[in-house]
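Quick look at my_file.txt (compact mmCIF, C-alpha atoms):
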# COMPACT_ATOMS: atom_id res chain seq x y z
CA MET A 67 -12.26 -17.47 23.52
CA ARG A 68 -14.78 -19.10 21.24
CA LYS A 69 -16.75 -21.71 23.13
CA ASN A 70 -20.34 -22.20 24.01
CA SER A 71 -20.20 -21.96 27.75
CA GLY A 72 -21.67 -18.99 29.59
CA ASP A 73 -20.23 -15.54 29.23
CA MET A 74 -17.44 -14.57 31.54
CA GLU A 75 -15.72 -11.25 31.64
CA ILE A 76 -12.08 -10.37 32.12
CA ALA A 77 -11.90 -7.30 34.30
CA ILE A 78 -9.34 -4.62 33.51
CA GLU A 79 -8.12 -3.58 36.89
CA VAL A 80 -5.04 -2.94 38.93
CA PRO A 81 -3.29 -5.80 40.67
CA GLN A 82 -5.01 -6.20 43.98
CA PRO A 83 -3.10 -5.30 47.13
CA ARG A 84 -2.64 -8.10 49.62
CA LEU A 85 -5.97 -8.92 51.21
CA ARG A 86 -6.24 -8.96 54.94
CA ALA A 87 -8.76 -10.80 57.00
CA VAL A 88 -11.50 -8.84 58.70
CA PRO A 89 -13.79 -10.44 61.27
CA ALA A 90 -17.20 -11.12 59.82
CA SER A 91 -19.96 -8.80 60.93
CA PRO A 92 -22.74 -10.52 62.85
CA ALA A 93 -25.41 -8.49 61.08
CA PRO A 94 -24.36 -7.35 57.62
CA ALA A 95 -25.52 -3.84 56.78
CA PRO A 96 -27.89 -3.52 53.83
CA THR A 97 -26.52 -2.28 50.55
CA PRO A 98 -26.44 1.53 50.55
CA PRO A 99 -28.88 3.13 48.14
CA LEU A 100 -27.39 4.83 45.10
CA GLU A 101 -28.98 8.08 46.21
CA ALA A 102 -27.32 8.02 49.64
CA SER A 103 -25.60 11.30 50.49
CA ASP A 104 -21.84 11.60 50.41
CA ALA A 105 -21.84 11.94 54.20
CA GLU A 106 -23.85 8.73 54.62
CA LEU A 107 -21.52 6.90 52.28
CA LEU A 108 -18.43 8.19 54.09
CA ALA A 109 -19.84 6.98 57.39
CA ARG A 110 -20.29 3.53 55.92
CA VAL A 111 -16.86 3.53 54.30
CA GLY A 112 -15.54 4.28 57.78
CA GLU A 113 -17.08 0.94 58.78
CA ARG A 114 -15.33 -0.76 55.85
CA ASP A 115 -18.42 -1.02 53.67
CA ARG A 116 -17.10 -1.93 50.23
CA GLU A 117 -20.36 -1.18 48.40
CA ALA A 118 -20.50 2.33 49.84
CA PHE A 119 -16.89 2.85 48.79
CA GLU A 120 -17.68 1.81 45.22
CA ILE A 121 -20.58 4.27 45.01
CA LEU A 122 -18.40 7.05 46.38
CA TYR A 123 -15.64 6.09 43.95
CA GLY A 124 -18.05 6.32 41.03
CA ARG A 125 -19.09 9.82 42.09
CA TYR A 126 -15.62 11.18 42.66
CA VAL A 127 -13.12 9.34 40.50
CA ARG A 128 -13.40 11.75 37.59
CA PRO A 129 -13.17 14.91 39.73
CA VAL A 130 -10.14 13.47 41.54
CA PHE A 131 -8.51 12.38 38.27
CA SER A 132 -9.19 15.80 36.77
CA LEU A 133 -7.64 17.50 39.81
CA ALA A 134 -4.63 15.20 39.65
CA LEU A 135 -4.11 15.80 35.95
CA ARG A 136 -4.19 19.55 36.46
CA ARG A 137 -1.59 19.43 39.21
CA LEU A 138 0.66 16.66 37.94
CA GLY A 139 0.28 16.99 34.18
CA ASP A 140 1.10 13.35 33.59
CA ARG A 141 -1.54 10.65 33.26
CA GLY A 142 0.56 7.93 34.83
CA HIS A 143 1.36 10.01 37.92
CA ALA A 144 -2.25 11.21 38.01
CA GLU A 145 -3.50 7.61 38.00
CA ASP A 146 -1.18 6.82 40.91
CA ALA A 147 -2.40 9.91 42.75
CA VAL A 148 -6.03 8.84 42.29
CA GLN A 149 -5.25 5.43 43.76
CA GLU A 150 -3.48 7.07 46.68
CA ALA A 151 -6.32 9.55 47.20
CA PHE A 152 -8.90 6.79 47.42
CA ALA A 153 -6.61 4.72 49.62
CA ALA A 154 -6.49 7.74 51.96
CA ILE A 155 -10.27 8.06 51.83
CA TRP A 156 -10.63 4.36 52.64
CA ARG A 157 -8.21 4.65 55.56
CA SER A 158 -9.47 7.86 57.08
CA ALA A 159 -13.20 7.92 56.33
CA SER A 160 -13.92 7.10 59.97
CA THR A 161 -12.34 10.42 60.98
CA TYR A 162 -14.87 12.46 59.00
CA ARG A 163 -17.22 14.45 61.24
CA PRO A 164 -20.31 15.90 59.50
CA GLU A 165 -20.60 18.70 62.06
CA ARG A 166 -17.24 20.08 60.93
CA GLY A 167 -18.19 20.50 57.28
CA ALA A 168 -19.67 18.99 54.17
CA ALA A 169 -18.45 15.64 52.90
CA GLY A 170 -17.55 17.07 49.49
CA GLY A 171 -15.17 19.56 51.07
CA TRP A 172 -13.57 16.85 53.19
CA LEU A 173 -13.10 14.65 50.13
CA TYR A 174 -11.61 17.57 48.19
CA THR A 175 -9.09 18.18 50.99
CA VAL A 176 -8.10 14.53 51.24
CA ALA A 177 -7.72 14.23 47.46
CA ARG A 178 -5.76 17.46 47.18
CA ASN A 179 -3.40 16.40 49.98
CA ALA A 180 -2.76 13.03 48.31
CA ILE A 181 -2.01 14.80 45.03
CA VAL A 182 0.34 17.29 46.71
CA ASP A 183 2.13 14.38 48.42
CA ARG A 184 2.56 12.72 45.05
CA LEU A 185 3.84 16.00 43.60
CA ARG A 186 6.42 16.28 46.37
CA ARG A 187 7.53 12.68 45.93
CA ASN A 188 8.02 13.22 42.21
CA GLY A 189 10.62 15.86 43.07
CA PRO A 190 11.25 19.11 41.24
CA SER A 191 10.03 18.98 37.68
CA ALA A 192 12.14 19.96 34.70
CA ASP A 193 10.14 23.17 34.51
CA ALA A 194 11.41 24.19 37.93
CA GLU A 195 14.94 24.46 36.58
CA LEU A 196 14.04 26.68 33.67
CA PRO A 197 15.05 30.34 33.96
CA GLU A 198 12.26 32.63 35.04
CA LEU A 199 10.24 33.83 32.13
CA VAL A 200 7.06 35.84 31.86
CA SER A 201 4.37 33.20 31.62
CA ALA A 202 0.96 33.40 30.09
CA GLU A 203 -0.20 30.70 32.51
CA PRO A 204 -2.65 31.80 35.22
CA GLY A 205 -1.17 32.38 38.66
CA PRO A 206 -1.50 29.94 41.56
CA GLU A 207 -4.68 31.55 42.92
CA ARG A 208 -6.39 31.41 39.56
CA GLN A 209 -5.20 27.84 39.06
CA ALA A 210 -6.60 26.88 42.44
CA GLU A 211 -9.91 28.52 41.61
CA ASP A 212 -10.08 26.78 38.23
CA SER A 213 -9.27 23.45 39.87
CA PHE A 214 -12.04 23.93 42.39
CA VAL A 215 -14.56 24.90 39.70
CA SER A 216 -13.63 21.79 37.74
CA TRP A 217 -14.00 19.68 40.86
CA ARG A 218 -17.49 21.05 41.51
CA VAL A 219 -18.69 20.79 37.92
CA HIS A 220 -17.28 17.34 37.27
CA ARG A 221 -18.79 16.12 40.51
CA ALA A 222 -22.15 17.67 39.59
CA LEU A 223 -22.07 15.99 36.16
CA GLU A 224 -22.18 12.66 37.96
CA GLU A 225 -25.68 13.55 39.17
CA LEU A 226 -27.16 13.85 35.67
CA GLN A 227 -29.12 11.15 33.92
CA PRO A 228 -26.79 9.39 31.44
CA ARG A 229 -28.70 10.71 28.42
CA GLU A 230 -28.60 14.28 29.76
CA ARG A 231 -24.94 14.01 30.52
CA GLU A 232 -24.24 12.56 27.09
CA VAL A 233 -25.74 15.53 25.22
CA ILE A 234 -24.06 18.02 27.57
CA GLU A 235 -20.64 16.44 27.04
CA LEU A 236 -21.12 16.26 23.28
CA ALA A 237 -22.48 19.81 23.04
CA TYR A 238 -19.68 21.34 25.10
CA TRP A 239 -16.62 19.29 24.32
CA SER A 240 -16.95 17.29 21.13
CA GLY A 241 -16.96 20.22 18.75
CA MET A 242 -20.27 19.04 17.30
CA SER A 243 -23.23 21.32 16.67
CA GLN A 244 -26.56 20.31 18.16
CA SER A 245 -27.68 19.07 14.74
CA GLU A 246 -24.56 16.90 14.56
CA VAL A 247 -25.20 15.64 18.09
CA ALA A 248 -28.75 14.72 17.05
CA GLU A 249 -27.47 12.86 13.99
CA TYR A 250 -24.75 11.14 16.00
CA LEU A 251 -27.18 9.95 18.66
CA GLY A 252 -29.94 9.19 16.17
CA VAL A 253 -32.53 11.30 18.00
CA PRO A 254 -34.54 14.36 16.87
CA LEU A 255 -32.94 17.79 17.26
CA GLY A 256 -35.76 18.80 19.61
CA THR A 257 -34.85 15.92 21.92
CA VAL A 258 -31.24 17.09 22.03
CA LYS A 259 -32.36 20.61 22.89
CA THR A 260 -34.73 19.36 25.58
CA ARG A 261 -32.07 17.16 27.16
CA THR A 262 -29.54 20.00 27.02
CA ARG A 263 -31.90 22.36 28.83
CA SER A 264 -32.90 19.79 31.43
CA GLY A 265 -29.25 18.84 31.95
CA LEU A 266 -28.24 22.46 32.46
CA ALA A 267 -31.16 22.99 34.84
CA LYS A 268 -30.19 19.97 36.91
CA LEU A 269 -26.55 21.04 36.96
CA ALA A 270 -27.60 24.47 38.17
CA THR A 271 -29.70 22.89 40.92
CA VAL A 272 -26.88 20.60 42.03
CA LEU A 273 -24.32 23.41 42.00
CA GLU A 274 -26.65 25.73 43.92
CA GLY A 275 -27.45 23.07 46.49
CA GLU A 276 -23.95 21.82 47.10
CA SER A 277 -22.21 22.68 50.31
CA LEU A 278 -18.58 22.00 49.63
CA MET B 6 -11.86 21.35 22.05
CA ASN B 7 -11.40 25.02 21.33
CA HIS B 8 -14.96 25.33 20.12
CA GLU B 9 -17.02 27.12 22.75
CA PRO B 10 -20.74 26.47 22.51
CA ASN B 11 -23.08 29.40 22.23
CA PHE B 12 -25.47 29.59 25.16
CA ASP B 13 -28.31 31.12 23.14
CA ASP B 14 -28.01 28.36 20.51
CA LEU B 15 -28.06 25.67 23.17
CA VAL B 16 -30.96 26.93 25.24
CA GLY B 17 -33.03 28.64 22.55
CA ALA B 18 -35.53 31.37 23.22
CA GLU B 19 -38.15 29.40 25.13
CA THR B 20 -36.54 29.79 28.53
CA GLY B 21 -36.40 33.32 29.92
CA GLY B 22 -36.10 35.37 33.06
CA ALA B 23 -34.50 34.03 36.20
CA GLU B 24 -34.44 30.46 34.94
CA ARG B 25 -32.46 31.54 31.88
CA GLU B 26 -29.88 33.23 34.12
CA ARG B 27 -29.69 30.11 36.27
CA LEU B 28 -28.93 28.04 33.17
CA ARG B 29 -26.41 30.63 32.02
CA GLY B 30 -24.60 30.26 35.34
CA ALA B 31 -24.33 26.50 34.85
CA HIS B 32 -23.23 27.06 31.24
CA GLU B 33 -20.43 29.41 32.28
CA LEU B 34 -19.18 27.00 34.91
CA LEU B 35 -19.17 24.17 32.36
CA VAL B 36 -17.11 26.27 29.97
CA GLN B 37 -14.71 27.24 32.76
CA ALA B 38 -14.38 23.69 34.04
CA GLY B 39 -13.56 22.11 30.69
CA PRO B 40 -14.18 18.45 29.94
CA PRO B 41 -13.80 15.81 32.61
CA PRO B 42 -10.98 13.42 31.75
CA GLU B 43 -11.65 10.10 30.14
CA LEU B 44 -11.00 7.43 32.73
CA THR B 45 -8.19 5.05 31.95
CA PRO B 46 -8.94 1.30 32.16
CA ARG B 47 -7.02 1.22 35.45
CA LEU B 48 -9.39 3.74 37.02
CA GLN B 49 -12.65 2.33 35.77
CA GLU B 50 -13.14 0.14 38.82
CA ALA B 51 -12.67 1.03 42.44
CA PRO B 52 -9.46 -0.40 43.88
CA SER B 53 -9.58 -2.92 46.70
CA PHE B 54 -7.90 -2.14 49.98
CA GLY B 55 -9.14 -5.07 52.00
CA VAL B 56 -11.84 -7.70 52.21
CA ALA B 57 -15.29 -6.33 52.86
CA ARG B 58 -17.14 -7.62 55.87
CA LEU B 59 -20.15 -8.76 53.94
CA GLN B 60 -20.16 -12.43 53.07
CA PRO B 61 -21.74 -11.93 49.62
CA ARG B 62 -18.90 -9.66 48.63
CA ARG B 63 -16.35 -12.30 49.55
CA ARG B 64 -18.13 -14.69 47.24
CA VAL B 65 -18.00 -12.09 44.48
CA VAL B 66 -14.26 -11.63 44.99
CA LYS B 67 -13.75 -15.39 44.92
CA ARG B 68 -15.92 -15.77 41.82
CA ARG B 69 -14.00 -13.00 40.05
CA ALA B 70 -10.73 -14.68 40.91
CA LEU B 71 -12.05 -17.92 39.44
CA VAL B 72 -13.21 -16.09 36.32
CA LEU B 73 -9.78 -14.53 35.90
CA LEU B 74 -8.09 -17.87 36.43
CA ALA B 75 -10.42 -19.57 33.96
CA ALA B 76 -9.87 -16.82 31.42
CA ALA B 77 -6.10 -17.03 31.80
CA LEU B 78 -6.14 -20.82 31.49
CA SER B 79 -8.33 -20.64 28.43
CA VAL B 80 -5.95 -18.25 26.72
CA VAL B 81 -3.08 -20.61 27.56
CA ALA B 82 -5.09 -23.50 26.19
CA VAL B 83 -6.04 -21.71 22.99
CA PHE B 84 -2.49 -20.57 22.39
CA ALA B 85 -1.15 -24.05 23.10
CA ALA B 86 -3.73 -25.60 20.79
CA GLY B 87 -3.02 -23.00 18.17
CA TYR B 88 0.68 -23.63 18.28
CA ALA B 89 0.12 -27.37 18.13
CA VAL B 90 -2.26 -27.14 15.19
CA SER B 91 -0.07 -24.65 13.39
CA ASN B 92 3.12 -26.64 13.94
CA GLN B 93 1.46 -29.91 13.01
CA ARG B 94 0.12 -28.49 9.78
CA HIS B 95 3.40 -26.88 9.00
CA GLY B 96 5.21 -30.11 9.78
CA ASN B 97 2.92 -32.07 7.45
CA GLY B 98 3.72 -29.69 4.67
CA THR B 99 0.12 -28.61 4.23
CA ALA B 100 0.94 -25.10 5.47
CA ALA B 101 -2.76 -24.57 6.08
CA ILE B 102 -3.58 -21.01 7.04
CA ALA B 103 -5.21 -20.95 10.44
CA PRO B 104 -5.02 -18.47 13.29
CA VAL B 105 -3.01 -19.55 16.31
CA ALA B 106 -5.58 -17.96 18.61
CA GLN B 107 -9.05 -16.51 18.42
CA LEU B 108 -10.68 -14.16 20.83
CA ALA B 109 -14.33 -13.12 20.95
CA LEU B 110 -15.11 -9.68 22.30
CA LYS B 111 -18.36 -8.02 23.27
CA GLY B 112 -19.40 -4.43 23.77
CA THR B 113 -19.36 -2.71 27.13
CA SER B 114 -22.09 -0.29 28.19
CA PHE B 115 -20.70 2.17 25.62
CA ALA B 116 -21.84 -0.11 22.77
CA PRO B 117 -23.73 -3.05 24.28
CA LYS B 118 -24.62 -4.57 20.91
CA ALA B 119 -21.11 -4.48 19.49
CA ARG B 120 -19.30 -7.75 18.82
CA ALA B 121 -15.87 -8.58 17.47
CA THR B 122 -13.58 -11.46 16.69
CA LEU B 123 -9.83 -11.14 16.86
CA ASP B 124 -7.75 -13.74 15.00
CA VAL B 125 -4.05 -13.91 15.87
CA TRP B 126 -1.91 -15.36 13.10
CA LYS B 127 1.44 -17.11 13.07
CA GLN B 128 4.36 -14.98 14.17
CA GLN B 129 6.46 -13.31 11.49
CA SER B 130 9.84 -11.98 12.68
CA GLY B 131 8.55 -10.88 16.04
CA ASN B 132 5.23 -9.61 14.69
CA TRP B 133 1.89 -11.25 15.36
CA PRO B 134 -0.46 -10.29 12.52
CA MET B 135 -4.07 -10.05 13.63
CA THR B 136 -7.44 -9.63 11.96
CA LEU B 137 -10.19 -7.81 13.76
CA SER B 138 -13.76 -8.19 12.54
CA VAL B 139 -16.14 -5.89 14.34
CA VAL B 140 -19.83 -5.04 14.08
CA GLY B 141 -22.02 -2.63 15.99
CA LEU B 142 -19.54 0.05 17.00
CA PRO B 143 -20.84 3.60 16.58
CA ARG B 144 -19.10 6.35 14.69
CA LEU B 145 -17.07 8.52 17.09
CA PRO B 146 -16.88 12.31 17.29
CA GLN B 147 -14.13 13.92 15.26
CA HIS B 148 -10.56 13.63 16.57
CA THR B 149 -11.35 10.42 18.43
CA TYR B 150 -10.89 6.85 17.27
CA TYR B 151 -10.83 3.25 18.45
CA GLU B 152 -7.62 1.64 19.59
CA VAL B 153 -6.83 -2.04 20.13
CA TYR B 154 -4.70 -2.77 23.18
CA LEU B 155 -2.83 -5.85 24.22
CA VAL B 156 -3.71 -6.45 27.89
CA ARG B 157 -1.21 -8.11 30.19
CA ASN B 158 -1.63 -8.68 33.90
CA GLY B 159 -4.93 -6.85 33.73
CA ARG B 160 -3.45 -3.66 32.33
CA PRO B 161 -3.01 -2.21 28.85
CA TRP B 162 0.42 -3.30 27.69
CA GLY B 163 0.75 -1.89 24.21
CA SER B 164 -1.21 -0.60 21.27
CA CYS B 165 -1.84 -2.90 18.35
CA GLY B 166 -3.34 -0.30 16.07
CA SER B 167 -6.27 2.04 15.73
CA PHE B 168 -9.24 2.52 13.45
CA ARG B 169 -12.33 4.57 12.80
CA ILE B 170 -15.86 3.61 11.87
CA SER B 171 -17.36 5.57 9.00
CA GLY B 172 -21.01 6.42 8.70
CA SER B 173 -21.36 4.25 5.60
CA SER B 174 -19.89 1.10 7.12
CA GLY B 175 -22.87 0.44 9.36
CA GLY B 176 -20.47 -0.13 12.23
CA ALA B 177 -19.00 -3.20 10.51
CA LEU B 178 -15.34 -3.45 9.66
CA THR B 179 -12.60 -6.01 9.13
CA LEU B 180 -9.02 -4.85 9.29
CA ARG B 181 -5.47 -6.09 9.74
CA LEU B 182 -3.57 -5.23 12.90
CA ASN B 183 -0.25 -6.24 14.40
CA ALA B 184 1.04 -7.05 17.88
CA PRO B 185 4.81 -6.35 17.72
CA TYR B 186 5.35 -7.84 21.17
CA ALA B 187 6.54 -11.15 22.60
CA LEU B 188 3.14 -12.64 23.42
CA GLN B 189 2.74 -14.60 26.61
CA PRO B 190 0.14 -17.01 27.95
CA GLY B 191 -2.60 -14.98 29.59
CA ASP B 192 -2.34 -12.07 27.17
CA SER B 193 -5.62 -10.65 26.00
CA TRP B 194 -6.95 -7.67 24.06
CA VAL B 195 -9.49 -4.91 24.46
CA VAL B 196 -10.73 -2.14 22.19
CA THR B 197 -10.84 1.35 23.68
CA ARG B 198 -11.86 4.85 22.69
CA ALA B 199 -8.90 7.15 22.27
CA ALA B 200 -7.82 10.61 21.24
CA PRO B 201 -4.52 11.80 19.78
CA GLY B 202 -1.77 12.00 22.39
CA GLY B 203 -3.86 10.29 25.01
CA GLU B 204 -3.54 7.19 27.10
CA PRO B 205 -5.81 4.16 26.74
CA GLY B 206 -9.37 5.42 27.03
CA LYS B 207 -12.64 3.84 27.99
CA THR B 208 -12.95 0.17 27.10
CA VAL B 209 -15.63 -0.42 24.46
CA LEU B 210 -15.01 -4.11 23.66
CA ARG B 211 -13.70 -6.70 26.07
CA PRO B 212 -13.15 -10.47 25.91
CA VAL B 213 -16.20 -12.61 26.59
CA SER B 214 -16.86 -16.28 26.42
CA VAL B 215 -14.29 -18.68 27.75
Give the structure from this file in structure tokens form.
Amino acid sequence: MRKNSGDMEIAIEVPQPRLRAVPASPAPAPTPPLEASDAELLARVGERDREAFEILYGRYVRPVFSLALRRLGDRGHAEDAVQEAFAAIWRSASTYRPERGAAGGWLYTVARNAIVDRLRRNGPSADAELPELVSAEPGPERQAEDSFVSWRVHRALEELQPREREVIELAYWSGMSQSEVAEYLGVPLGTVKTRTRSGLAKLATVLEGESL
Amino acid sequence: MNHEPNFDDLVGAETGGAERERLRGAHELLVQAGPPPELTPRLQEAPSFGVARLQPRRRVVKRRALVLLAAALSVVAVFAAGYAVSNQRHGNGTAAIAPVAQLALKGTSFAPKARATLDVWKQQSGNWPMTLSVVGLPRLPQHTYYEVYLVRNGRPWGSCGSFRISGSSGGALTLRLNAPYALQPGDSWVVTRAAPGGEPGKTVLRPVSV
């Protein structure tokens, strides 16, 4: 509204579940660094550290949403599944044991289970009642592999600098040529090429170093 | 997008040997993975499942609640004032043309310098004509556009129209929109990025000063 008082923002967010009281900690933990590992963040989420949860959410919300969209095919159901997946992560983070496997793999399993639960609750889809036809769709194994590749790549994209990620996303999925990307961003073509190469190199490093 | 980028075009000839193959591996995985989905407004912030232990966070939650309350009250006040002014003028026979509500919006991180004003005009047979004046929004890639959403209870309620920014407009545009809904106190609007057949996309303009 048009007034001169200080700026205030209206957040676009889901209605908040009922809040429950939690005893105050005698010695609040410091804010987790943005570069904390997934395992470190999970450990802190297990202690009900909201800031750690938000960092983890930022890293994984797109991979989880992508996974949910692939399995459920409906954005509304996928949104619900994402909420349920992160609710499960919030509830069960304290059960994660680093010695049993990497945090990324644990998160993938929790997210996938939440999505499968949502799929079961939705009941048989209309497609399930169609007569059997030869389908050009990839089989379940291929679908699972594609889903896992998407999970890994979309998670790795979160590690890029915003300007590297921007040129990668535009170059691969906007339909623009690199010259058009340069014009769109208002930067020299050489800068776009440099950022594309550095983005690809960083992605390769992240994907090689991951231990899902 | 069906367009598949050419690795050699992207990387050029300067990088060779093992490093080139490493980049090719990342390239092939990117192509296989496809684009990550655009987050809906509902997913752009982490949900809350309980009160954090840290005292500062509790203050943040409380402050946000106050901000939301203040914003809601202000919208009520502006609508009430708008109705009063509009009715009074109409009653006096002056029939002055004035919006019943005005909303200022500012750009999110997508377009931090963007600004807009949304004027909501007197209802006409269940329609609320609106005028959006916007500056500073960038041109979008092909097949994507901006969409104005009515927001109710913190969630996108319904589309009020869409638009594009052309290269020649300098990011400035004034256009007529319509909210064909029964407006309620507390309603607000945002501008999002969108693509055909999609749900509300990333918010690019949101309400500001109260």
Hey, could you pull the box centre and edge lengths for range 10-23 of chain B, axis-aligned, 4 Å padding per side, all listed atoms, to one decimal in Å, as JSON?
{"center_x": -29.4, "center_y": 30.5, "center_z": 28.4, "size_x": 25.4, "size_y": 17.7, "size_z": 23.7}
Could you check how far CA of Ala109 in chain A sits from CA of Ser158 in chain A, in Å to one decimal?
10.4 Å
Let me make sure I understand: among A:Glu106, A:Asp183, A:Glu165, A:Glu246, which one has the smallest atom-to-atom distance to chain B if we use all atoms listed in the file?
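Ranking A:Glu106, A:Asp183, A:Glu165, A:Glu246 by distance to chain B, first place goes to A:Glu246.
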Can you work out which one of B:Thr20, B:Asn183, B:Gln49, B:Gln129 has the shortest atom-to-atom distance to Gly166 in chain B, counting all atoms listed in the file?
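Of B:Thr20, B:Asn183, B:Gln49, B:Gln129, the one nearest Gly166 in chain B, counting all atoms listed in the file, is B:Asn183.
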Take CA of Ala118 in chain A and CA of Phe115 in chain B and report the distance between them in Å, one decimal.
24.2 Å
Compile the contact shell of Pro10 in chain B as a short mmCIF file (atom, residue, chain, number, x, y, z; two decimals) with C-alpha atoms, in the frame of the given file: residues with an atom at most 10 Å away, counting only C-alpha atoms, same-chain residues fewer than 4 positions apart removed.
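File produced: out.cif:
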data_model
loop_
_atom_site.label_atom_id
_atom_site.label_comp_id
_atom_site.auth_asym_id
_atom_site.auth_seq_id
_atom_site.Cartn_x
_atom_site.Cartn_y
_atom_site.Cartn_z
CA ALA A 237 -22.48 19.81 23.04
CA TYR A 238 -19.68 21.34 25.10
CA TRP A 239 -16.62 19.29 24.32
CA GLY A 241 -16.96 20.22 18.75
CA MET A 242 -20.27 19.04 17.30
CA SER A 243 -23.23 21.32 16.67
CA GLN A 244 -26.56 20.31 18.16
CA ASP B 14 -28.01 28.36 20.51
CA LEU B 15 -28.06 25.67 23.17
CA HIS B 32 -23.23 27.06 31.24
CA VAL B 36 -17.11 26.27 29.97
#
From (-14.0, 17.0, 47.4), in the file's coordinates, out to 9 Å: which residues are reached, counting only C-alpha atoms? Answer as a PyMOL selection string.
chain A and resi 126+129-130+169-178+214+217-218+221+278
